[in-house]
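See structure below.
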Amino acid sequence: MSDQHEGPRRVGQVKEVTSLSNPIVKDIKALSLKKTRDETKSFLAEGLKLVIDALDLGWTIRTLVYAKNVKDKPQVVQVAAKTVARGGLVLEVSEKVLSSITRRDNPQMVVGIFEQRWTALKDVRPGRDETWVALDRVRDPGNLGTIIRTADAAGASGVVLVGETTDPYSLETVRATMGSVFAVPLVRASPADFLAWKRTAGVSVVATHLAGAVDYRMIDYRRKPVVLLMGNEQAGLPEEFAREADALVRIPQAGRADSLNLAIATGIMLFEARRHLLSLDAGA
Ligand code: SAM
């Protein structure tokens, strides 16, 4: 790896790159691998608006990459200046290079490489009116991205990833979050740590299960901070989680489908749990 991804950060500078074999470009392309993202604790996000929002929210940018043909756009000039001011690297590249970085024929003209952020489970102390989502071994990047986006839209406080899950900082998941990855705190936890936390956090864990005896609309979501616990796409929720939950609920279904898609079920739960807190007047 070249030094813009690890070790002391370089003083900001702008570099022009046209070659696909440039070592910095190779390092950025390597972020498509989870191993590289883990090692460098960084990830790639596409789109000018996303990069602007992330910088406004105080995320640390390591590298800004933009296509040469947008270099005079005022917003691009601004984000480039911000990146340099914060000690990041700025790359002005050909569209061919951007296509190879994003693996797309029609790439976004701006991408940013940011530092990952994780919230420690011990620091999560949900207060009144808070809703968290806990996902047991979520596998599908599109589901996870959609859930992060929906959690953001519903005003949830964060998402806890329990057990071995897909990486929220993969390109596919970040794309599916549509920018919400920068707004929703993410937590990683082993099943044992999650259960231990649950016993002391003063939360009500509402677990969703196809064998749940309670209609999800019958729960009082106002009493305590709520954690909506969702099962794995294939296996559903393990017995141990179902036993430890404060309520085991089901979303009534009609038709032939055995179950709902995980992201859809999470969306339904989120908007029901936060129904009393959401109104058109308060929204955007
Ligand atoms: N074959 C799995 C099973 O037996 O549980 C199906 C899992 S489903 C695709 C993924 C998750 O979405 C479930 O574990 C549950 O958390 C949630 N889910 C889907 N449909 C649901 C429903 N009708 N009621 C409650 N939860 C549901």
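Residues are named by chain letter and number: chains run A, B, ... in the order of the structure tokens, numbers start at 1 in each chain, and ligands are numbered from 1 in the order shown.
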
Close residues to ligand 1 using only C-alpha atoms and all ligand atoms, limit 6 Å, as JSON, numbers by chain: {"A": [208, 209, 210, 230, 231, 232, 233, 234, 235, 236, 237, 250, 251, 252, 253, 259, 260, 261, 262, 265]}

Saved selection, atoms kept: N, CA and C atoms, as a compact mmCIF listing (two decimals), in the first residue's frame:
# COMPACT_ATOMS: atom_id res chain seq x y z
N THR A 208 -38.19 -9.99 15.84
CA THR A 208 -39.16 -10.38 14.81
C THR A 208 -38.89 -11.83 14.42
N HIS A 209 -39.97 -12.59 14.33
CA HIS A 209 -39.83 -14.03 14.12
C HIS A 209 -41.07 -14.53 13.39
N LEU A 210 -40.84 -15.46 12.48
CA LEU A 210 -42.00 -15.97 11.73
C LEU A 210 -42.93 -16.77 12.65
N MET A 230 -33.63 -8.25 14.20
CA MET A 230 -34.05 -8.88 12.94
C MET A 230 -33.16 -10.09 12.65
N GLY A 231 -33.77 -11.14 12.09
CA GLY A 231 -33.04 -12.40 11.85
C GLY A 231 -32.33 -12.43 10.51
N ASN A 232 -31.44 -13.37 10.40
CA ASN A 232 -30.68 -13.61 9.17
C ASN A 232 -31.61 -13.99 8.01
N GLU A 233 -31.21 -13.60 6.81
CA GLU A 233 -32.04 -13.81 5.62
C GLU A 233 -32.43 -15.28 5.41
N GLN A 234 -31.47 -16.18 5.62
CA GLN A 234 -31.78 -17.59 5.37
C GLN A 234 -32.31 -18.30 6.62
N ALA A 235 -31.57 -18.14 7.72
CA ALA A 235 -31.83 -18.96 8.91
C ALA A 235 -32.86 -18.36 9.86
N GLY A 236 -33.18 -17.08 9.70
CA GLY A 236 -34.05 -16.43 10.68
C GLY A 236 -33.29 -16.22 11.99
N LEU A 237 -34.04 -15.92 13.05
CA LEU A 237 -33.43 -15.57 14.34
C LEU A 237 -33.12 -16.83 15.15
N ARG A 250 -44.66 -10.79 15.11
CA ARG A 250 -44.78 -11.20 13.70
C ARG A 250 -45.58 -10.16 12.94
N ILE A 251 -45.20 -9.98 11.68
CA ILE A 251 -45.95 -9.11 10.78
C ILE A 251 -46.92 -10.02 10.03
N PRO A 252 -48.22 -9.82 10.21
CA PRO A 252 -49.17 -10.71 9.54
C PRO A 252 -49.01 -10.63 8.02
N GLN A 253 -49.11 -11.76 7.37
CA GLN A 253 -48.96 -11.80 5.90
C GLN A 253 -50.15 -12.49 5.27
N SER A 259 -42.18 -15.46 3.82
CA SER A 259 -41.68 -14.40 4.69
C SER A 259 -41.48 -13.15 3.85
N LEU A 260 -41.20 -12.05 4.55
CA LEU A 260 -40.86 -10.79 3.86
C LEU A 260 -39.36 -10.71 3.69
N ASN A 261 -38.93 -9.95 2.72
CA ASN A 261 -37.51 -9.61 2.59
C ASN A 261 -37.08 -8.90 3.88
N LEU A 262 -35.85 -9.17 4.32
CA LEU A 262 -35.35 -8.60 5.58
C LEU A 262 -35.45 -7.07 5.62
N ALA A 265 -39.08 -6.00 5.97
CA ALA A 265 -39.59 -6.26 7.33
C ALA A 265 -39.02 -5.23 8.30

Shell around Ala213 in chain A at 7 Å using only C-alpha atoms, local window under 2 positions removed, as an NGL selection string: :A and (211 or 215 or 248-250)

Written selection (N, CA and C atoms) as a compact mmCIF listing (two decimals), in the first residue's frame:
# COMPACT_ATOMS: atom_id res chain seq x y z
N ALA A 211 -42.40 -17.19 13.82
CA ALA A 211 -43.25 -17.91 14.78
C ALA A 211 -43.72 -16.99 15.90
N ASP A 215 -48.86 -9.78 17.34
CA ASP A 215 -48.93 -8.89 16.17
C ASP A 215 -48.05 -7.67 16.45
N LEU A 248 -41.69 -11.15 21.12
CA LEU A 248 -41.42 -11.87 19.86
C LEU A 248 -42.61 -11.59 18.95
N VAL A 249 -42.38 -10.78 17.93
CA VAL A 249 -43.53 -10.32 17.14
C VAL A 249 -43.49 -10.83 15.71
N ARG A 250 -44.66 -10.79 15.11
CA ARG A 250 -44.78 -11.20 13.70
C ARG A 250 -45.58 -10.16 12.94

Residue list (helix (DSSP H, G or I), DSSP) for range 80-125 of chain A, as a PyMOL selection string: chain A and resi 80-85+95-102+121-123

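Per DSSP on the backbone, strand (DSSP E or B) in range 36-107 of chain A comprises A:Ser42, A:Phe43, A:Leu44, A:Ala45, A:Glu46, A:Ile61, A:Arg62, A:Thr63, A:Leu64, A:Val65, A:Tyr66, A:Ala67, A:Leu89, A:Val90, A:Leu91, A:Glu92, A:Val93.
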
Per residue of range 76-179 of chain A within 7 Å of range 186-204 of chain A, what are the shortest atom pair and its distance in Å to one decimal, counting only C-alpha atoms, with rows by chain and residue number, as a tab-separated table?
residue	atom	partner	partner_atom	distance
A:Trp118	CA	A:Leu186	CA	5.5
A:Thr119	CA	A:Val187	CA	5.0
A:Ala120	CA	A:Val187	CA	6.0
A:Leu121	CA	A:Val187	CA	6.1
A:Arg125	CA	A:Ala201	CA	6.1
A:Gly158	CA	A:Leu186	CA	5.9
A:Val159	CA	A:Leu186	CA	5.2
A:Val160	CA	A:Val187	CA	4.6
A:Leu161	CA	A:Arg188	CA	4.9
A:Val162	CA	A:Ala189	CA	4.9
A:Gly163	CA	A:Ser190	CA	4.8

Emit the selected residues as a tab-separated table (two decimals), in the first residue's frame, including C-alpha atoms.
chain	number	residue	atom	x	y	z
A	118	TRP	CA	-17.49	2.51	14.40
A	119	THR	CA	-19.34	3.17	17.63
A	120	ALA	CA	-18.43	0.90	20.55
A	121	LEU	CA	-21.38	-1.08	21.95
A	125	ARG	CA	-26.90	4.03	26.07
A	158	GLY	CA	-28.11	3.43	14.82
A	159	VAL	CA	-27.62	-0.11	13.58
A	160	VAL	CA	-25.93	-2.91	15.51
A	161	LEU	CA	-24.38	-5.65	13.39
A	162	VAL	CA	-24.44	-8.87	15.40
A	163	GLY	CA	-22.14	-11.79	14.54

Contacts of Ala245 in chain A within 7 Å, only C-alpha atoms, excl. fewer than 6 positions in-chain, as a PyMOL selection string: chain A and resi 205-207

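We find CA of Ala257 in chain A and CA of Leu229 in chain A to be spaced 21.2 Å apart.
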
Coordinates-based distance that separates CA of Ala263 in chain A from CA of Arg128 in chain A (Å, one decimal): 24.8 Å

Selected residue of minimal separation from Val124 in chain A among A:Pro185, A:Leu98, A:Glu240, A:Phe271, counting only C-alpha atoms: A:Pro185

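Atom pair CA of Gln13 in chain A / CA of Asn69 in chain A has a distance of 18.8 Å (rounded to one decimal).
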
For Leu31 in chain A, the nearest of the candidates A:Gly112, A:Gly145, A:Pro107, A:Pro126, counting only C-alpha atoms: A:Gly112

Long-range neighbours of Val184 in chain A as a list in words, 9 Å cut-off, only C-alpha atoms, 4 positions minimum in chain: Ile148, Arg149, Ala151, Asp152, Ala156, Ser157, Gly158, Val159 and Ser180 of chain A

Long-range neighbours of range 75-78 of chain A as a list in words, 12 Å cut-off, only C-alpha atoms, 5 positions minimum in chain: Val14, Gly47, Leu48, Lys49, Leu50, Val51, Ile52, Asp53, Leu55, Asp56, Leu64, Val65, Tyr66, Ala67, Lys68, Asn69, Val70, Thr83, Val84, Ala85, Val90, Leu91, Glu92, Met109, Val110, Val111 and Gly112 of chain A

Each residue of range 171-263 of chain A lying at most 12 Å from range 33-46 of chain A should get a row with its shortest atom-to-atom pair and the distance in Å to one decimal, counting only C-alpha atoms; could you produce that, ordered by chain and increasing number, as a tab-separated table?
residue	atom	partner	partner_atom	distance
A:Leu171	CA	A:Leu44	CA	6.5
A:Glu172	CA	A:Ala45	CA	9.9
A:Thr173	CA	A:Ala45	CA	10.0
A:Val174	CA	A:Ala45	CA	6.6
A:Arg175	CA	A:Ala45	CA	7.4
A:Ala176	CA	A:Ala45	CA	10.8
A:Thr177	CA	A:Ala45	CA	10.3
A:Met178	CA	A:Glu46	CA	9.4
A:Gly179	CA	A:Ala45	CA	8.3
A:Ser180	CA	A:Ala45	CA	11.1
A:Val181	CA	A:Ala45	CA	9.4
A:Phe182	CA	A:Ala45	CA	9.8

With a cut-off of 12 Å, could you pull out the residues of range 47-158 of chain A touching range 165-168 of chain A and give me the nearest pair of atoms for each, distance in Å to one decimal, using only C-alpha atoms, ordered by chain and ascending number, as CSV?
residue,atom,partner,partner_atom,distance
A:Gln116,CA,A:Pro168,CA,9.7
A:Arg117,CA,A:Pro168,CA,10.6
A:Trp118,CA,A:Pro168,CA,10.5
A:Ala134,CA,A:Thr165,CA,11.4
A:Leu135,CA,A:Thr165,CA,8.5
A:Asp136,CA,A:Thr165,CA,7.7
A:Arg137,CA,A:Thr165,CA,4.6
A:Val138,CA,A:Thr165,CA,5.0
A:Arg139,CA,A:Thr166,CA,5.1
A:Asp140,CA,A:Thr166,CA,6.5
A:Pro141,CA,A:Thr166,CA,6.1
A:Gly142,CA,A:Pro168,CA,9.7
A:Asn143,CA,A:Thr166,CA,9.7
A:Leu144,CA,A:Pro168,CA,6.9
A:Gly145,CA,A:Pro168,CA,7.1
A:Thr146,CA,A:Pro168,CA,10.7
A:Ile147,CA,A:Pro168,CA,10.5
A:Ile148,CA,A:Pro168,CA,8.8
A:Arg149,CA,A:Pro168,CA,11.5

Quick one: write out the picked residues with N, CA and C atoms as a JSON list (two decimals), in the first residue's frame?
[["chain", "number", "residue", "atom", "x", "y", "z"],
["A", 116, "GLN", "N", -13.24, 4.90, 8.08],
["A", 116, "GLN", "CA", -14.42, 4.24, 8.64],
["A", 116, "GLN", "C", -14.67, 4.76, 10.06],
["A", 117, "ARG", "N", -15.94, 4.68, 10.47],
["A", 117, "ARG", "CA", -16.28, 5.03, 11.85],
["A", 117, "ARG", "C", -17.09, 3.90, 12.46],
["A", 118, "TRP", "N", -16.73, 3.52, 13.66],
["A", 118, "TRP", "CA", -17.49, 2.51, 14.40],
["A", 118, "TRP", "C", -17.79, 3.04, 15.79],
["A", 134, "ALA", "N", -31.01, -4.01, 15.41],
["A", 134, "ALA", "CA", -29.93, -4.99, 15.56],
["A", 134, "ALA", "C", -30.16, -6.08, 14.52],
["A", 135, "LEU", "N", -29.13, -6.35, 13.74],
["A", 135, "LEU", "CA", -29.25, -7.32, 12.64],
["A", 135, "LEU", "C", -28.39, -8.54, 12.93],
["A", 136, "ASP", "N", -29.03, -9.69, 12.97],
["A", 136, "ASP", "CA", -28.32, -10.94, 13.21],
["A", 136, "ASP", "C", -27.73, -11.46, 11.89],
["A", 137, "ARG", "N", -26.43, -11.46, 11.79],
["A", 137, "ARG", "CA", -25.68, -12.05, 10.65],
["A", 137, "ARG", "C", -26.24, -11.62, 9.27],
["A", 138, "VAL", "N", -26.49, -10.35, 9.10],
["A", 138, "VAL", "CA", -27.02, -9.92, 7.80],
["A", 138, "VAL", "C", -26.00, -10.23, 6.71],
["A", 139, "ARG", "N", -26.48, -10.81, 5.62],
["A", 139, "ARG", "CA", -25.59, -11.32, 4.58],
["A", 139, "ARG", "C", -25.56, -10.46, 3.32],
["A", 140, "ASP", "N", -26.70, -9.89, 2.99],
["A", 140, "ASP", "CA", -26.82, -9.26, 1.67],
["A", 140, "ASP", "C", -26.47, -7.77, 1.73],
["A", 141, "PRO", "N", -25.48, -7.32, 0.92],
["A", 141, "PRO", "CA", -25.06, -5.91, 0.97],
["A", 141, "PRO", "C", -26.21, -4.95, 0.63],
["A", 142, "GLY", "N", -27.04, -5.34, -0.32],
["A", 142, "GLY", "CA", -28.17, -4.47, -0.71],
["A", 142, "GLY", "C", -29.16, -4.34, 0.44],
["A", 143, "ASN", "N", -29.43, -5.44, 1.13],
["A", 143, "ASN", "CA", -30.33, -5.37, 2.29],
["A", 143, "ASN", "C", -29.76, -4.45, 3.36],
["A", 144, "LEU", "N", -28.46, -4.62, 3.65],
["A", 144, "LEU", "CA", -27.87, -3.80, 4.71],
["A", 144, "LEU", "C", -27.90, -2.31, 4.33],
["A", 145, "GLY", "N", -27.56, -2.01, 3.09],
["A", 145, "GLY", "CA", -27.58, -0.61, 2.66],
["A", 145, "GLY", "C", -28.98, -0.03, 2.75],
["A", 146, "THR", "N", -29.95, -0.80, 2.31],
["A", 146, "THR", "CA", -31.35, -0.33, 2.35],
["A", 146, "THR", "C", -31.80, -0.13, 3.80],
["A", 147, "ILE", "N", -31.36, -1.01, 4.69],
["A", 147, "ILE", "CA", -31.76, -0.89, 6.11],
["A", 147, "ILE", "C", -31.12, 0.37, 6.72],
["A", 148, "ILE", "N", -29.86, 0.63, 6.39],
["A", 148, "ILE", "CA", -29.21, 1.84, 6.93],
["A", 148, "ILE", "C", -29.94, 3.09, 6.44],
["A", 149, "ARG", "N", -30.30, 3.08, 5.16],
["A", 149, "ARG", "CA", -31.03, 4.22, 4.58],
["A", 149, "ARG", "C", -32.39, 4.39, 5.25]]

Exercise: range 16-25 of chain A partners within 8 Å, only C-alpha atoms, chain neighbours under 4 positions left out, as a VMD selection string: chain A and resid 2 4 29 91 to 94 96 to 97 100 to 101

Store the residues picked out above, limited to N, CA and C atoms, as a PDB file, in the first residue's frame.
ATOM      1  N   SER A   2       0.503   2.260  -0.789  1.00  0.00           N
ATOM      2  CA  SER A   2       1.247   3.510  -0.702  1.00  0.00           C
ATOM      3  C   SER A   2       0.707   4.327   0.469  1.00  0.00           C
ATOM      4  N   GLN A   4      -0.817   7.048   1.336  1.00  0.00           N
ATOM      5  CA  GLN A   4      -1.962   7.910   1.618  1.00  0.00           C
ATOM      6  C   GLN A   4      -3.059   7.147   2.362  1.00  0.00           C
ATOM      7  N   LYS A  29      -8.257   1.081  -5.908  1.00  0.00           N
ATOM      8  CA  LYS A  29      -9.022  -0.047  -6.465  1.00  0.00           C
ATOM      9  C   LYS A  29      -9.051  -1.231  -5.503  1.00  0.00           C
ATOM     10  N   LEU A  91      -6.879  13.929  -6.260  1.00  0.00           N
ATOM     11  CA  LEU A  91      -6.468  13.364  -7.543  1.00  0.00           C
ATOM     12  C   LEU A  91      -7.394  13.839  -8.643  1.00  0.00           C
ATOM     13  N   GLU A  92      -6.808  14.386  -9.690  1.00  0.00           N
ATOM     14  CA  GLU A  92      -7.575  14.771 -10.871  1.00  0.00           C
ATOM     15  C   GLU A  92      -7.294  13.678 -11.898  1.00  0.00           C
ATOM     16  N   VAL A  93      -8.345  12.981 -12.334  1.00  0.00           N
ATOM     17  CA  VAL A  93      -8.103  11.776 -13.143  1.00  0.00           C
ATOM     18  C   VAL A  93      -8.922  11.789 -14.432  1.00  0.00           C
ATOM     19  N   SER A  94      -8.601  10.851 -15.312  1.00  0.00           N
ATOM     20  CA  SER A  94      -9.390  10.677 -16.536  1.00  0.00           C
ATOM     21  C   SER A  94     -10.646   9.874 -16.182  1.00  0.00           C
ATOM     22  N   LYS A  96     -11.598   7.298 -17.606  1.00  0.00           N
ATOM     23  CA  LYS A  96     -11.197   5.877 -17.658  1.00  0.00           C
ATOM     24  C   LYS A  96     -10.729   5.404 -16.271  1.00  0.00           C
ATOM     25  N   VAL A  97      -9.974   6.242 -15.609  1.00  0.00           N
ATOM     26  CA  VAL A  97      -9.490   5.889 -14.264  1.00  0.00           C
ATOM     27  C   VAL A  97     -10.667   5.804 -13.289  1.00  0.00           C
ATOM     28  N   SER A 100     -12.534   2.650 -13.720  1.00  0.00           N
ATOM     29  CA  SER A 100     -11.873   1.457 -13.169  1.00  0.00           C
ATOM     30  C   SER A 100     -11.940   1.460 -11.639  1.00  0.00           C
ATOM     31  N   ILE A 101     -11.940   2.637 -11.019  1.00  0.00           N
ATOM     32  CA  ILE A 101     -12.041   2.707  -9.555  1.00  0.00           C
ATOM     33  C   ILE A 101     -13.433   2.266  -9.089  1.00  0.00           C
TER      34      ILE A 101
END
